[in-house]
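Trainee: I'd like to ask you about the structure that follows.
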Number of protein chains: 2
Amino acid sequence: MADDLFHSSDSHRSARPLAHARQVTFAEPLTLELGGLLPAVTVVYETYGQLNPAGDNAILICHALSGDSHVARHDAEDDPGWWDTVVGPGLAIDTNQYFVLCANVLGGCRGTTGPNSLDPATGRHWGADFPTVTIGDMVEVQRRLVDHLGIPSLLAVVGGSMGGHQVLTWATRHPERVRGAIALATSARLTSQALAFDVVGRNAIRRDPHFREGQYYEADQAPSVGLALARMLGHITYLSPQAMNEKFEADRLQPRELTTLFENHFSVGSYLAHQSDKFVERFDANSYVTLSMAMDLFDLGSTPAALAGNLARSRCHWLVISYSSDWLFPPAQARELVDALVALDKPVSYCNVTSDCGHDAFLLPDDLEIYGGLLAGFLANLQGTPAIKGGGAGAHHHHPTSIFHPRRIDYDRIFSLIPPGARVLDLGCGRGGLLASLRQRGGKQLLGFELDEQAILGCVQQGLQVVHGDLDQGLPAFADDQFDVVVLSQTLQAVRNVELVLADLLRVGRRCIVSFPNFAYYKLVEMLQQGRAPESPHLLRFKWYNTPNLRFLTIADFEAFCAERDIRIHQRIALNTEENKEVHTDANHLADLAIFVLAAG
Amino acid sequence: MADDLFHSSDSHRSARPLAHARQVTFAEPLTLELGGLLPAVTVVYETYGQLNPAGDNAILICHALSGDSHVARHDAEDDPGWWDTVVGPGLAIDTNQYFVLCANVLGGCRGTTGPNSLDPATGRHWGADFPTVTIGDMVEVQRRLVDHLGIPSLLAVVGGSMGGHQVLTWATRHPERVRGAIALATSARLTSQALAFDVVGRNAIRRDPHFREGQYYEADQAPSVGLALARMLGHITYLSPQAMNEKFEADRLQPRELTTLFENHFSVGSYLAHQSDKFVERFDANSYVTLSMAMDLFDLGSTPAALAGNLARSRCHWLVISYSSDWLFPPAQARELVDALVALDKPVSYCNVTSDCGHDAFLLPDDLEIYGGLLAGFLANLQGTPAIKGGGAGAHHHHPTSIFHPRRIDYDRIFSLIPPGARVLDLGCGRGGLLASLRQRGGKQLLGFELDEQAILGCVQQGLQVVHGDLDQGLPAFADDQFDVVVLSQTLQAVRNVELVLADLLRVGRRCIVSFPNFAYYKLVEMLQQGRAPESPHLLRFKWYNTPNLRFLTIADFEAFCAERDIRIHQRIALNTEENKEVHTDANHLADLAIFVLAAG
């Protein structure tokens, strides 16, 4: 088996001291959320780049269960960091621009106070007597560190998995200190399945006879078997089924030659043995129990109401990223966070990155183009230095279903129908052309909804808020009358669940602007009379068998539809886009496009 | 936490002797596939019902990893069996009709020779010295038992999970002994992910200090912690994420009160502790290692070619069932088996049962209506006593997209276009009306392809072969020219990937019969002229916004499409179904339906 198959997000980490790490001890006792008190707390941290004079370019990175303060290498000689793909000069989190800070979490085993620290009261290691700590306690220690370093507020707090739990806690506990929150591959609470895997891992550690109630530091053996079993289990949950097949199917029966006491029969077995044997050299079993329990106890709200209550306190811009093949922190959980933030009118962008890498995706280079681009674009706009300003460029973007000239007469009319300052939701916003123009005009509270990841990236790079979603699922996340105007431009004819989508549109927007091609346009009727399926003269690339248009309606059909459902039509604009003019008589016959301004009856 | 939350497929099993079990010892040594020899083999088995004089009503049931010979209760006083939902008087596997046989597998711990048996050579338990056994070895022992009981051939071999591996082995090793193979929730080989979970489980057992190289039978302690950890892990993989949320979210932090040495912090934790504490009372750790390794080593073919090579030997009728939420044996793996069988022209039916129950679904009552119905219908037809004969009944079934009278003129014409004895694939076959009529006329090698589970059940109850699938995914399973005729009746207009589907149709069938509504029919044109989206006069329930028809084409469009692609049109039949007659002039204007007979150019 090739060595690279044995690479994993942290397989290169060593147990030796962190060369560039600094440490600080806070003498002030720390009262813990679930009771108990730590007389003093030592924190080990590393920094990258320079804090600027204004002190507004600091980014706090929060690590996951098995991470530490060494987020990236400091120089060519340095050990690899756990996030070298993302953090460094010129990378997505650019240490030439930003002051990056990462600290080993409370309860960890890489320098910060944890179960392997000495309890000053007894002079012995805390061991299993180390009190139960929460994500909130970890964040409180990070807050002390941020104060200690004289950072007034953080440009962003960034983290994945358990690091994401810290991000969520920072944004809701210290809203005044956080300008941007970037949460990757995380959730408001673990699924029952993820919780169950953690329970099995802790049972493996605690029932290891060498655990000795957690007081094994002076013993000749540690509970290495239990810790290794927990780690093996973790590894399986970090990988997607497809990634495992790619790694291990070709040579399933040819394990790598290893010296291990674990089963080494299948290639996947030798991988798990290798990874876990290395892990136990650098990680402490008590810390594994402490940190996994903190993660399992984390709960930002088990009901939408509770979740909203907590997220309501945040005042930052949000970037939420999930990965399509992550089954440990499934995208649906990220979606719950995003839905709550959207319903609260918080500025949020969300992308579910298509990935084969499972939960580990946020640590791996495979999908970096999208998620790295989102990080860089989001941070640049937070800092006020966007690479793409947006506005004119891409404004006249084309929909897949657009039947129009580059010169978008319908686009201009829709723009003119939106009152300045209106809260606008643009469904199928593409790369954000309409939203950017509205923003140029002074518009605030502008949100896009889009299915295409590249288009989402384009929006985020312009500093526009956009949420990843499929219109045919409706708009369950959005509150009634949340927007002044909801725009559905050139999309209705490609929608499958027309009734669901229109009903949600009218629920979410006080006014809805809907445009669609008029199928009764005389030229289209003539084509059918001549025995052929009508095609728009402008839409040469689409035929009956490959057009994305699935619904063929006329202006009269739509008006009848609205009448049956008590949908009020405030305005109807009929256009002939070929002649680039409005149609005022016999519209159902002479117009090839209609724009309706609607409201619930 | 309510007790029923603690029920699992085998949570009720006890360790006490099986009252109705019989046993037989075969003195003839058993040579094992991977080397080694067992001097003699004892088998514990149970039977239900009576073997009929012809000896042709015997069904062998193969159990999964944690099962045994006690498949069902023998009477009201008896202990529950592991498949009481399916096996019994009047149930899906009706013990009033069939002679049911189930034996504890080789390597098991419930009476059949296994690691906890005495090695006659040493007089000690085999322990870890018990040789590695394969699924093939298990089946060889079952074959001896079937001979011993004087059963010439088995009406069916039935099993799920590891039991399914035995079914696959029976059908390919002893084709002359098996008339029907029913494989549930199984695969040709484990995924790397499933394999990895087994590796962790075995590591937990083997690295338990009480394992003592497998010689713990005389010791005061067994490797119960390791076995319990393996079982906890297993339980997680048997449940779907959604099932776990339903069981454990409501009271996540209220564990059931238990006396256990395992973590009892979360409700899911107390469930795992409870299940595994009970499991270790009745199961042997060495057997767990032996059986899970046999399952991990099972491989019916890692490539389509290898899989086909093995399945080619089978001569039975196949019923393959998967469950939509089973992530341990994902439906895609069942699909691999079905695809291979289809390409081999083997008689096979397949259904991916929609279920929330995960891998355990095949043991639970939740989805019994469909999978139990499939079992009963399949067996009844094997036995020649189908409940539904098929043919006339349901013959004039209606498609969701059908625009026709109950009297299907197009249906009769299509029937007349199919040469007697032709191999026919009916795409979107519904409940099998056309196929049943073709069979009545003496047709063989008839196969349906359908998306709806109830329709699939209807086909199987009539003894028709049908495969569960989505036409928009194409027909990758089918071989070139596999069928004389492929029928796509009243479905083209609802297809999304028209080009893909038609190309596959022409690849798989020597002749293809395609029917669709003609959109240029004068009455439809008139509607559009009057400014409204055309609606078929017969299709009052569908409107532009909810019709399943996504493609609007005319006879002329389709002929142009064929001309561009060098598709030969052998015959074209134009119908006016309102007047119930054929149209011979100006078809594109006067016909509301067209039937084309096509072939690749």
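Please note that chains go A, B, ... in the order of the structure tokens, that every chain numbers its residues from 1, and that ligands are numbered from 1 in the order shown.
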From a DSSP pass on the backbone, collect the residues of region 52-190 of chain B flagged as strand (DSSP E or B) and hand them back as a ChimeraX atom specification.

Mentor: /B:58-62,87-88,93-94,99-103,118-119,124-125,154,156-160,178,180-184,189

Trainee: As a list in words, please: the residues near region 325-329 of chain B (cut-off 7 Å, only C-alpha atoms, same-chain neighbours under 3 positions excluded).

Mentor: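 Result of the neighbour search: Ala185, Thr186, Ser187, Ala194, Thr237, Tyr238, Ser240, Gln333, Ser355, Asp356, Cys357, Gly358 and His359 of chain B.
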
Trainee: Excluding Ile414 (chain A) and residues on its chain fewer than 6 positions from it, collect all residues at most 12 Å away from it, counting only C-alpha atoms, and give them as a list of chain:residue names.

Mentor: A:Arg408, A:Val424, A:Asp426, A:Leu434, A:Leu435, A:Ser437, A:Leu438, A:Val485, A:Val486, A:Val487, A:Leu488, A:Ser489, A:Gln490, A:Cys512, A:Ile513, A:Val514, A:Ser515, A:Gln571, A:Arg572, A:Ile573, A:Ala574, A:Leu575, A:Ala594, A:Ile595, A:Phe596, A:Val597

Trainee: For CA of Phe248 (chain B) and CA of Val71 (chain B), quote the distance in Å rounded to one decimal.

Mentor: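 Atom-to-atom, CA of Phe248 (chain B) to CA of Val71 (chain B), that is 28.6 Å.
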
Trainee: What gap, in Å, lies between CA of Asp557 (chain A) and CA of Phe542 (chain B)?

Mentor: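 According to the coordinates, CA of Asp557 (chain A) and CA of Phe542 (chain B) are separated by 13.3 Å.
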
Trainee: Determine the nearest neighbour of Tyr522 (chain B) from the options B:Leu363, B:Gln242, B:Leu593, B:Val467, counting only C-alpha atoms.

Mentor: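 Closest residue, counting only C-alpha atoms: B:Leu593.
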
Trainee: Taking into account only C-alpha atoms, which residue in the set B:Ser322, B:Gln462, B:Thr303, B:Gln454 is nearest to chain A?

Mentor: B:Thr303

Trainee: Could you please write out, as number ranges by chain, every residue of region 184-349 of chain B that DSSP assigns to alpha helix (DSSP H)?

Mentor: B: 192-206, 224-238, 241-248, 267-282, 285-297, 304-311, 331-343

Trainee: A:His570, A:Arg565, A:Arg313, A:Arg496: which is nearest chain B, counting only C-alpha atoms?

Mentor: A:Arg496

Trainee: Could you pull the residues within 10 Å of Ser267 (chain A), counting only C-alpha atoms, minus those fewer than 3 positions along the same chain, as a list in words?

Mentor: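 That gives Met1, Leu5, Lys247, Phe248, Glu249, Ala250, Asp251, Arg252, Leu253, Gln254, Pro255, Arg256, Glu257, Asn264, Ser270, Tyr271, Leu272 and Ala273 of chain A; Ser192 and Ala196 of chain B.
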